[in-house]
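Shown next: coords-v9.txt, given as compact mmCIF, C-alpha atoms and all ligand atoms.
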# COMPACT_ATOMS: atom_id res chain seq x y z
CA MET A 277 285.07 25.30 151.18
CA ASN A 278 284.16 26.29 154.71
CA ARG A 279 287.11 27.73 156.54
CA THR A 280 287.39 27.70 160.29
CA PRO A 281 288.07 31.08 161.87
CA ILE A 282 291.61 30.05 162.73
CA GLN A 283 292.38 29.06 159.13
CA ASP A 284 291.26 32.54 158.21
CA ILE A 285 293.67 33.89 160.78
CA GLU A 286 296.55 31.89 159.42
CA VAL A 287 296.11 32.85 155.78
CA ASN A 288 296.43 36.47 156.76
CA ALA A 289 300.21 36.37 156.71
CA VAL A 290 300.66 40.13 156.72
CA ARG A 291 298.63 40.60 159.87
CA ILE A 292 299.95 37.50 161.63
CA ILE A 293 303.70 37.54 162.21
CA GLY A 294 303.58 34.00 163.52
CA HIS A 295 301.45 31.41 165.27
CA ILE A 296 302.67 28.30 167.09
CA GLN A 297 300.44 25.63 168.52
CA GLY A 298 302.13 23.61 171.25
CA SER A 299 301.81 19.85 171.61
CA ALA A 300 300.15 20.00 175.03
CA ARG A 301 297.52 22.19 176.65
CA GLY A 302 298.70 25.48 178.03
CA PRO A 303 298.27 29.25 178.04
CA THR A 304 297.42 31.42 175.05
CA LEU A 305 299.74 34.36 174.41
CA LEU A 306 298.87 37.29 172.17
CA PHE A 307 301.71 39.67 171.33
CA PHE A 308 300.97 42.91 169.46
CA GLY A 309 303.61 44.98 167.68
CA GLY A 310 303.14 48.22 165.76
CA ILE A 311 299.80 49.38 167.17
CA HIS A 312 301.67 52.63 166.58
CA GLY A 313 303.09 52.46 163.05
CA ASN A 314 306.34 54.29 163.85
CA GLU A 315 307.17 51.71 166.53
CA GLN A 316 308.70 48.90 164.50
CA SER A 317 310.88 47.34 167.24
CA GLY A 318 308.17 45.07 168.61
CA VAL A 319 307.36 43.74 165.14
CA THR A 320 311.05 43.11 164.41
CA ALA A 321 311.45 41.33 167.74
CA LEU A 322 308.45 39.08 167.05
CA GLU A 323 309.70 38.28 163.53
CA HIS A 324 313.06 37.34 165.02
CA ILE A 325 311.54 35.02 167.63
CA PHE A 326 309.12 33.22 165.31
CA CYS A 327 311.98 32.73 162.86
CA GLU A 328 314.17 31.28 165.59
CA LEU A 329 311.41 28.98 166.85
CA LYS A 330 310.89 27.73 163.31
CA GLU A 331 314.56 26.89 162.88
CA LYS A 332 315.03 25.47 166.37
CA PRO A 333 311.64 24.41 167.74
CA LEU A 334 311.36 24.20 171.53
CA PRO A 335 308.85 22.05 173.41
CA CYS A 336 305.84 24.21 174.17
CA ASN A 337 302.34 24.16 175.64
CA GLY A 338 299.35 26.15 174.51
CA SER A 339 299.42 28.67 171.76
CA VAL A 340 301.16 31.91 170.79
CA TYR A 341 300.26 34.61 168.27
CA GLY A 342 302.38 37.50 167.01
CA ILE A 343 300.13 40.18 165.55
CA ARG A 344 300.88 43.37 163.59
CA GLY A 345 298.81 46.34 164.74
CA ASN A 346 298.27 49.31 162.46
CA LEU A 347 299.26 47.94 159.02
CA PRO A 348 298.78 51.07 156.86
CA ALA A 349 300.67 53.19 159.42
CA LEU A 350 303.45 50.56 159.72
CA PHE A 351 303.95 50.68 155.93
CA GLN A 352 304.42 54.43 156.13
CA GLY A 353 306.37 54.45 159.40
CA LYS A 354 303.91 56.85 161.04
CA ARG A 355 302.31 56.68 164.48
CA PHE A 356 298.91 56.76 162.76
CA LEU A 357 297.42 58.05 159.51
CA GLU A 358 294.00 59.37 160.49
CA LYS A 359 293.32 58.45 164.10
CA ASP A 360 295.48 57.03 166.89
CA LEU A 361 294.60 53.31 166.90
CA ASN A 362 295.57 53.14 170.56
CA ARG A 363 292.87 55.64 171.61
CA LEU A 364 289.82 53.97 170.02
CA TRP A 365 289.21 51.02 172.34
CA THR A 366 286.45 52.34 174.59
CA LYS A 367 283.21 50.40 174.74
CA SER A 368 281.19 53.19 173.14
CA LYS A 369 283.71 53.94 170.36
CA ILE A 370 284.04 50.25 169.47
CA GLU A 371 280.31 49.87 169.23
CA LYS A 372 279.96 52.97 167.06
CA ILE A 373 282.80 51.94 164.73
CA ARG A 374 281.54 48.37 164.31
CA ASN A 375 278.09 49.68 163.43
CA LYS A 376 279.46 51.95 160.69
CA LEU A 377 279.46 50.88 157.07
CA ASP A 378 282.93 49.97 155.76
CA ARG A 379 283.20 52.97 153.50
CA TYR A 380 282.55 55.44 156.31
CA ARG A 381 285.31 54.08 158.53
CA SER A 382 288.69 55.80 158.81
CA LEU A 383 291.80 53.68 158.11
CA GLU A 384 292.37 53.10 161.82
CA GLU A 385 288.72 52.31 162.44
CA THR A 386 289.00 49.56 159.84
CA GLU A 387 292.13 48.28 161.62
CA LEU A 388 290.21 48.26 164.90
CA VAL A 389 287.41 46.13 163.43
CA ILE A 390 289.90 43.62 161.97
CA LEU A 391 291.83 43.35 165.25
CA TYR A 392 288.65 43.16 167.30
CA ASP A 393 287.36 40.25 165.20
CA LEU A 394 290.75 38.53 165.36
CA ILE A 395 290.94 38.82 169.15
CA SER A 396 287.35 37.54 169.48
CA LYS A 397 288.12 34.52 167.29
CA ILE A 398 291.24 33.66 169.25
CA LEU A 399 289.39 34.00 172.58
CA GLU A 400 286.66 31.75 171.25
CA LYS A 401 288.95 29.07 169.88
CA GLU A 402 291.75 28.94 172.44
CA GLN A 403 292.02 27.92 176.06
CA GLY A 404 292.98 30.22 178.89
CA PRO A 405 294.78 31.48 180.74
CA PHE A 406 295.24 34.34 178.27
CA TYR A 407 298.14 36.79 178.28
CA PHE A 408 298.01 39.97 176.20
CA ILE A 409 301.26 41.82 175.57
CA ASP A 410 301.39 45.10 173.67
CA LEU A 411 304.88 46.13 172.53
CA HIS A 412 305.70 49.81 172.17
CA THR A 413 308.63 52.24 172.10
CA THR A 414 308.87 55.92 173.03
CA SER A 415 310.18 59.01 171.24
CA SER A 416 312.53 59.85 174.12
CA LYS A 417 315.27 57.74 175.58
CA THR A 418 314.02 55.60 178.45
CA LEU A 419 314.66 52.64 180.66
CA PRO A 420 312.45 49.76 179.47
CA PHE A 421 309.26 49.65 181.55
CA ILE A 422 305.87 47.97 181.91
CA THR A 423 302.52 49.78 182.05
CA ILE A 424 299.53 48.04 183.58
CA ASN A 425 296.02 48.71 184.71
CA ASP A 426 296.19 48.13 188.42
CA ALA A 427 294.55 44.74 188.93
CA LEU A 428 296.40 42.35 191.23
CA ILE A 429 296.80 39.72 188.47
CA ASN A 430 298.63 42.31 186.35
CA ARG A 431 300.76 43.43 189.28
CA ARG A 432 301.75 39.88 190.17
CA PHE A 433 302.65 38.82 186.65
CA SER A 434 304.52 42.03 185.82
CA LYS A 435 306.55 41.81 189.04
CA LEU A 436 308.39 38.84 187.55
CA PHE A 437 310.20 41.09 185.05
CA PRO A 438 313.25 43.10 186.23
CA VAL A 439 312.00 46.49 185.01
CA PRO A 440 310.06 49.43 186.53
CA ILE A 441 306.26 49.23 186.49
CA ILE A 442 303.89 52.14 185.93
CA LEU A 443 300.40 51.92 187.40
CA GLY A 444 297.33 53.88 186.50
CA ILE A 445 298.05 55.08 182.99
CA GLU A 446 294.44 54.20 182.09
CA GLU A 447 293.21 57.16 184.10
CA TYR A 448 295.03 59.48 181.76
CA LEU A 449 294.63 57.80 178.37
CA ASP A 450 291.30 57.25 176.73
CA GLY A 451 290.91 54.01 174.81
CA PRO A 452 294.25 52.16 174.65
CA LEU A 453 293.94 48.56 173.42
CA LEU A 454 294.98 47.17 176.79
CA SER A 455 292.26 48.97 178.73
CA PHE A 456 289.78 47.14 176.52
CA VAL A 457 291.49 43.80 177.21
CA ASN A 458 291.56 44.63 180.91
CA SER A 459 287.86 45.33 180.93
CA LYS A 460 287.49 41.69 179.86
CA GLY A 461 289.55 40.68 182.90
CA TYR A 462 292.67 39.19 181.27
CA VAL A 463 296.31 39.68 182.21
CA SER A 464 297.58 42.43 179.94
CA LEU A 465 300.92 44.22 179.98
CA GLY A 466 302.17 47.10 177.90
CA PHE A 467 305.92 46.92 177.39
CA GLU A 468 307.86 50.00 176.31
CA SER A 469 311.24 48.69 175.27
CA GLY A 470 313.22 51.88 174.60
CA GLN A 471 313.57 54.70 172.11
CA HIS A 472 311.93 54.06 168.68
CA THR A 473 315.05 53.58 166.57
CA GLU A 474 317.67 52.24 168.98
CA GLU A 475 318.94 48.68 168.66
CA THR A 476 318.49 48.08 172.41
CA ALA A 477 314.71 48.53 172.02
CA ILE A 478 314.62 45.44 169.77
CA LYS A 479 316.88 43.44 172.10
CA ASN A 480 314.72 44.36 175.10
CA SER A 481 311.54 43.34 173.27
CA ILE A 482 313.12 40.01 172.32
CA ALA A 483 314.11 39.41 175.94
CA PHE A 484 310.64 40.39 177.15
CA ILE A 485 308.89 38.02 174.74
CA TRP A 486 311.12 35.07 175.71
CA LEU A 487 310.58 35.74 179.40
CA THR A 488 306.81 36.02 178.93
CA MET A 489 306.87 32.66 177.16
CA ALA A 490 308.81 31.17 180.07
CA PHE A 491 306.84 32.79 182.94
CA SER A 492 303.45 31.94 181.44
CA GLY A 493 304.43 28.28 181.04
CA PHE A 494 304.19 28.37 177.25
CA LEU A 495 307.76 27.08 177.07
CA ASN A 496 308.28 23.81 178.85
CA GLU A 497 311.75 24.59 180.03
CA SER A 498 313.90 27.64 179.88
CA LYS A 499 317.02 25.78 178.69
CA GLY A 500 316.70 26.59 175.01
CA LEU A 501 316.00 30.27 175.45
CA ASN A 502 319.05 31.10 177.58
CA PHE A 503 316.99 32.50 180.43
CA LYS A 504 319.86 34.15 182.24
CA LYS A 505 320.94 36.10 179.17
CA GLN A 506 317.41 37.40 178.49
CA TYR A 507 316.85 38.27 182.14
CA SER A 508 320.17 40.15 182.35
CA GLN A 509 319.39 42.02 179.13
CA LEU A 510 316.32 43.60 180.78
CA GLN A 511 317.90 43.99 184.18
CA ASN A 512 320.91 45.83 182.77
CA SER A 513 318.86 48.03 180.45
CA ALA A 514 316.59 48.98 183.36
CA GLU A 515 319.68 49.71 185.49
CA GLY A 516 318.33 47.46 188.22
CA ASN A 517 315.20 49.62 188.68
CA THR A 518 312.24 47.45 189.69
CA SER A 519 310.16 50.10 191.45
CA PHE A 520 306.45 50.72 191.08
CA TYR A 521 305.42 54.22 190.00
CA GLU A 522 302.13 56.01 189.55
CA ILE A 523 301.32 58.83 187.22
CA VAL A 524 300.52 62.08 189.00
CA TYR A 525 300.25 64.43 186.03
CA ARG A 526 299.62 64.32 182.29
CA HIS A 527 300.34 67.34 180.12
CA PRO A 528 297.88 67.33 177.21
CA ILE A 529 298.74 68.95 173.88
CA TYR A 530 296.04 70.74 171.96
CA ASP A 531 298.21 72.24 169.23
CA ILE A 532 301.45 70.39 168.53
CA GLY A 533 302.84 73.42 166.70
CA GLU A 534 302.81 75.38 169.93
CA PHE A 535 304.56 72.76 172.07
CA LYS A 536 308.28 72.06 172.18
CA MET A 537 309.91 69.79 174.75
CA MET A 538 313.30 71.03 175.99
CA GLU A 539 316.12 68.81 174.73
CA GLY A 540 317.72 66.00 176.66
CA PHE A 541 315.05 64.58 179.00
CA LYS A 542 314.71 60.82 179.41
CA SER A 543 311.88 58.93 181.12
CA PHE A 544 312.64 58.38 184.82
CA ASP A 545 314.97 61.42 185.02
CA GLU A 546 314.67 63.11 188.39
CA VAL A 547 313.97 66.80 187.86
CA ASP A 548 314.41 69.59 190.44
CA GLU A 549 311.77 72.18 191.26
CA GLY A 550 311.81 75.13 188.88
CA THR A 551 313.31 73.24 185.91
CA PRO A 552 311.89 74.29 182.51
CA LEU A 553 310.48 71.19 180.80
CA ALA A 554 308.96 72.61 177.63
CA LEU A 555 308.09 75.76 175.77
CA GLU A 556 304.38 76.17 175.08
CA ASN A 557 302.79 79.22 173.48
CA ASP A 558 306.06 81.09 174.15
CA LYS A 559 305.88 80.26 177.86
CA PHE A 560 308.20 77.96 179.80
CA LEU A 561 306.48 75.12 181.63
CA MET A 562 308.39 74.69 184.85
CA THR A 563 308.22 72.01 187.54
CA GLU A 564 306.53 73.16 190.73
CA LYS A 565 308.37 70.67 192.93
CA ASP A 566 311.00 67.94 192.65
CA THR A 567 309.56 65.26 190.43
CA ILE A 568 310.27 62.45 187.92
CA ILE A 569 309.63 62.98 184.24
CA PHE A 570 308.01 60.28 182.14
CA MET A 571 307.56 59.89 178.37
CA PRO A 572 308.57 63.37 177.22
CA LEU A 573 307.46 63.87 173.61
CA TYR A 574 310.13 64.23 170.93
CA GLN A 575 308.09 63.59 167.78
CA GLU A 576 305.54 65.34 165.60
CA GLN A 577 302.49 63.24 166.55
CA GLY A 578 301.05 62.64 170.00
CA GLU A 579 298.47 63.92 172.45
CA GLU A 580 300.65 64.04 175.56
CA GLY A 581 303.61 66.37 175.99
CA PHE A 582 304.95 64.58 179.05
CA PHE A 583 303.87 62.89 182.25
CA LEU A 584 305.12 63.22 185.81
CA ILE A 585 305.37 60.14 188.03
CA GLN A 586 306.15 59.26 191.62
CA LYS A 587 307.45 56.13 193.27
CA ILE A 588 304.90 54.10 195.22
CA PRO A 589 306.23 53.04 198.64
CA LEU A 590 306.49 49.26 199.08
CA LEU A 591 304.37 49.49 202.21
CA ALA A 592 301.49 51.07 200.26
CA LEU A 593 301.71 48.29 197.68
CA ALA A 594 301.61 45.58 200.33
CA LEU A 595 298.77 47.28 202.18
CA SER A 596 296.67 47.70 199.07
CA ALA A 597 297.14 44.04 198.13
CA ALA A 598 296.07 42.95 201.62
CA LEU A 599 293.02 45.24 201.65
CA ARG A 600 291.92 44.00 198.27
CA ARG A 601 292.27 40.38 199.31
CA ILE A 602 289.80 40.96 202.12
CA LYS A 603 287.60 42.95 199.71
CA PHE A 604 287.71 46.05 201.89
CA GLY A 605 286.59 48.11 198.90
CA SER A 606 283.12 46.62 199.04
CA LEU A 607 282.46 48.66 202.20
CA LEU A 608 283.28 52.04 200.69
CA HIS A 609 279.73 52.85 199.70
CA ILE A 610 278.88 53.49 203.35
CA LEU A 611 281.19 56.52 203.39
CA PRO A 612 279.53 59.95 203.17
CA GLY A 613 279.32 61.17 199.57
CA VAL A 614 280.03 57.72 198.15
CA SER A 615 277.46 55.39 196.59
CA TRP A 616 277.35 52.53 194.10
CA ALA A 617 277.23 53.86 190.55
CA ASN A 618 275.25 50.90 189.24
CA GLY A 619 273.55 47.65 190.19
CA GLU A 620 276.60 45.57 189.30
CA LYS A 621 278.50 47.27 192.12
CA ASP A 622 281.70 47.48 190.07
CA SER A 623 282.01 51.25 190.31
CA LEU A 624 281.45 53.96 192.87
CA LEU A 625 279.98 57.40 192.40
CA VAL A 626 281.86 59.97 194.44
CA ASN A 627 280.52 63.43 195.23
CA THR A 628 283.68 65.48 195.66
CA LYS A 629 281.89 68.19 197.62
CA ILE A 630 281.02 65.76 200.38
CA ALA A 631 283.80 63.21 200.08
CA GLN A 632 286.61 65.71 199.56
CA PHE A 633 288.72 64.32 202.39
CA PHE A 634 289.07 60.96 200.64
CA THR A 635 292.04 61.41 198.34
CA LYS A 636 292.52 59.77 194.99
CA SER A 637 295.37 57.71 196.46
CA PHE A 638 292.98 56.27 199.03
CA PHE A 639 290.77 54.87 196.28
CA HIS A 640 293.77 53.75 194.22
CA LEU A 641 294.95 51.70 197.15
CA LEU A 642 291.76 49.69 196.94
CA GLY A 643 291.93 49.11 193.19
CA TYR A 644 289.67 51.92 192.05
CA ARG A 645 290.50 54.17 189.10
CA LYS A 646 288.95 57.52 188.48
CA ARG A 647 286.82 58.86 185.66
CA VAL A 648 285.67 62.46 185.93
CA LEU A 649 281.94 62.89 185.30
CA ASP A 650 281.38 66.59 186.06
CA LYS A 651 282.67 69.32 188.36
CA THR A 652 281.44 67.68 191.54
CA HIS A 653 281.29 63.97 190.71
CA PHE A 654 283.64 61.30 189.59
CA ALA A 655 283.17 57.58 189.08
CA MET A 656 285.65 55.09 190.46
CA SER A 657 285.65 51.73 188.70
CA ASN A 658 287.17 48.72 190.34
CA ARG A 659 289.81 46.74 188.46
CA GLU A 660 289.41 43.74 190.73
CA HIS A 661 285.73 43.37 189.96
CA THR A 662 286.37 42.44 186.31
CA ALA A 663 289.68 40.57 186.78
CA LYS A 664 289.35 36.89 185.93
CA ASN A 665 291.27 35.70 188.98
CA ASP A 666 289.98 32.13 188.67
CA MET A 667 291.58 31.78 185.26
CA TYR A 668 295.03 32.40 186.77
CA ARG A 669 294.59 30.85 190.21
CA ASN A 670 296.48 27.68 189.31
CA THR A 671 299.45 29.36 187.69
CA TRP A 672 302.74 29.19 189.59
CA TRP A 673 303.11 32.99 189.82
CA TYR A 674 299.61 33.76 191.13
CA ARG A 675 300.35 33.16 194.80
CA ILE A 676 303.76 34.78 194.88
CA THR A 677 303.60 37.89 196.98
CA THR A 678 307.29 38.66 196.89
CA ASN A 679 309.68 38.31 194.00
CA LYS A 680 312.92 38.50 195.96
CA SER A 681 313.90 34.95 195.08
CA ILE A 682 313.67 35.66 191.38
CA ARG A 683 315.30 39.03 191.39
CA GLY A 684 318.05 37.83 193.78
ZN ZN B 701 303.19 53.42 171.21
The structure in this file should be written as structure tokens.
Ligand SMILES: [Zn+2]
Amino acid sequence: MNRTPIQDIEVNAVRIIGHIQGSARGPTLLFFGGIHGNEQSGVTALEHIFCELKEKPLPCNGSVYGIRGNLPALFQGKRFLEKDLNRLWTKSKIEKIRNKLDRYRSLEETELVILYDLISKILEKEQGPFYFIDLHTTSSKTLPFITINDALINRRFSKLFPVPIILGIEEYLDGPLLSFVNSKGYVSLGFESGQHTEETAIKNSIAFIWLTMAFSGFLNESKGLNFKKQYSQLQNSAEGNTSFYEIVYRHPIYDIGEFKMMEGFKSFDEVDEGTPLALENDKFLMTEKDTIIFMPLYQEQGEEGFFLIQKIPLLALALSAALRRIKFGSLLHILPGVSWANGEKDSLLVNTKIAQFFTKSFFHLLGYRKRVLDKTHFAMSNREHTAKNDMYRNTWWYRITTNKSIRG
């Protein structure tokens, strides 16, 4: 018997936590849980919601999928077994892995191929607009927060949720799943719901999933989901913090045995100048100025010891949105030391010797993100160039520039 791709998807009950096809046309939502195998909360939250929707169906439009990420690692409760599945999604790595014979692939490379094919089949079969949500947790205590690649569609959609938003993580991480999805131009949000094992992390994920279903228009009405309760769950957990932040520093770890985070830090803690953050190779790593700590590492696996972040002023956010709307970035190539990196004009080549007075923040403002090429050059690729704005233009949230009415 010939099976359609989607039948193949549905028989894979271990991979697919749930799939619901609404009665009318609407968005397609893809939720991922357990891309890191020690982060079970997202999977549990999705199981809970699909179970609830089965018992008490709600009227819905479009289609939703709940997908398990790294299956072998989830079974063992480890972040990964051979390679971090959330660092493999660059164009060149994907191509290389897909061209390998099965038997030469690592466990995570096999997972990547399966997920890649699944995503491709769903994109082929379903209608847009598409929403990709990747659910994670962190080893330290944290307020729940969203990470996005800084395209305006991501900013606008993520602003609807009452939690802090972190921009620009893609400059510091190589190959997370969502950077791949972003390169295709779809709305994609990473949601970090709390510390790995705490109950609140599950509750926050549940609230986040319900709200995504409501905001995207997948659910017809928010009556059945108790909107206020879900909204308050996130708002209270995030302690009312709805600021935008950007990452200013990433501390890489080369030998985990030589790195030990000092006890007691939580993401978003404000830290004074001169505070010891970690012990590395018998030396204290101390803050050089007042800062905010983000995702300090309290587990045995990971490539980042901690990040430092800073709040982005509201004025800068508004200005950057306005400049992008008038496509100001398309004039940057006339600056000294700046040229188009390719014929598609989606990225700029910057010679830092000549263009040293243009700061990274200046390019960020216009939607560019940096990739270092060599000592004197970096490439800035533009998030707006790939964003599929037309796909989202008719959604209710697309034209909202302020979210005051919702956050009240
Ligand atoms: Zn994770």
Please write out the residues within 6 Å of ligand ZN 701 (chain B) as a PyMOL selection string, counting all atoms listed in the file.
chain A and resi 312+412-413
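You will find atom CA of His609 of chain A at 22.5 Å from atom CA of Asn425 of chain A.
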Ranking A:Phe308, A:Trp365, A:Tyr530, A:Phe582 by minimum distance to Glu446 of chain A and counting all atoms listed in the file, which one comes first?
A:Trp365
Counting all atoms listed in the file, the residue of A:Ile442, A:Val340, A:Phe456, A:Gly302 that sits nearest Arg363 of chain A:
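The shortest atom-to-atom distance to Arg363 of chain A comes from A:Phe456.
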Would you kindly return, as an MDAnalysis selection string, each protein, DNA or RNA residue with an atom no farther than 9 Å from any atom of segment 655-665 of chain A, considering all atoms listed in the file and excluding same-chain residues fewer than 4 positions away?
chainID A and resid 425:429 458:463 600 605 617 621:627 639 642:649 669 674
Tell me, in Å to one decimal, how far atom CA of His640 of chain A is from atom CA of Ile422 of chain A.
18.2 Å
From A:Gly404, A:Lys417, A:Glu580, A:Pro452, residue lying nearest Ile370 of chain A [all atoms listed in the file]:
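Checking each of A:Gly404, A:Lys417, A:Glu580, A:Pro452 against Ile370 of chain A, counting all atoms listed in the file, the winner is A:Pro452.
Atom CA of Arg344 of chain A sits 26.1 Å away from atom CA of Phe570 of chain A.
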Counting only C-alpha atoms, the option among A:Glu497, A:Glu387, A:Asp360, A:Glu549 closest to Gly578 of chain A:
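Checking each candidate against Gly578 of chain A, we get A:Asp360 as the closest.
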For Leu329 of chain A, the nearest of the candidates A:Leu388, A:Met489, A:Ile569, A:Ala514, counting only C-alpha atoms:
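Smallest separation from Leu329 of chain A among the options: A:Met489.
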For Glu468 of chain A: contacts at 10 Å, all atoms listed in the file, fewer than 4 positions along chain excluded, given as an NGL selection string
:A and (315 or 317-318 or 410-414 or 418-423 or 472 or 477 or 480-481)
So which residues touch His527 of chain A within 10 Å, counting all atoms listed in the file, skipping near sequence neighbours fewer than 6 positions away, as a ChimeraX atom specification?
/A:448,572,579-584
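Closest approach to Gly310 of chain A from the set A:Val290, A:Leu347, A:Leu357, A:Leu593 is made by A:Leu347, with distances taken over only C-alpha atoms.
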Can you report as AutoDock Vina command-line options the centre and edge lengths in Å, to one decimal, of an axis-aligned box around the listed atoms of segment 449-461 of chain A padded with 6 Å on each side?
--center_x 291.2 --center_y 49.2 --center_z 178.2 --size_x 19.5 --size_y 29.1 --size_z 21.5
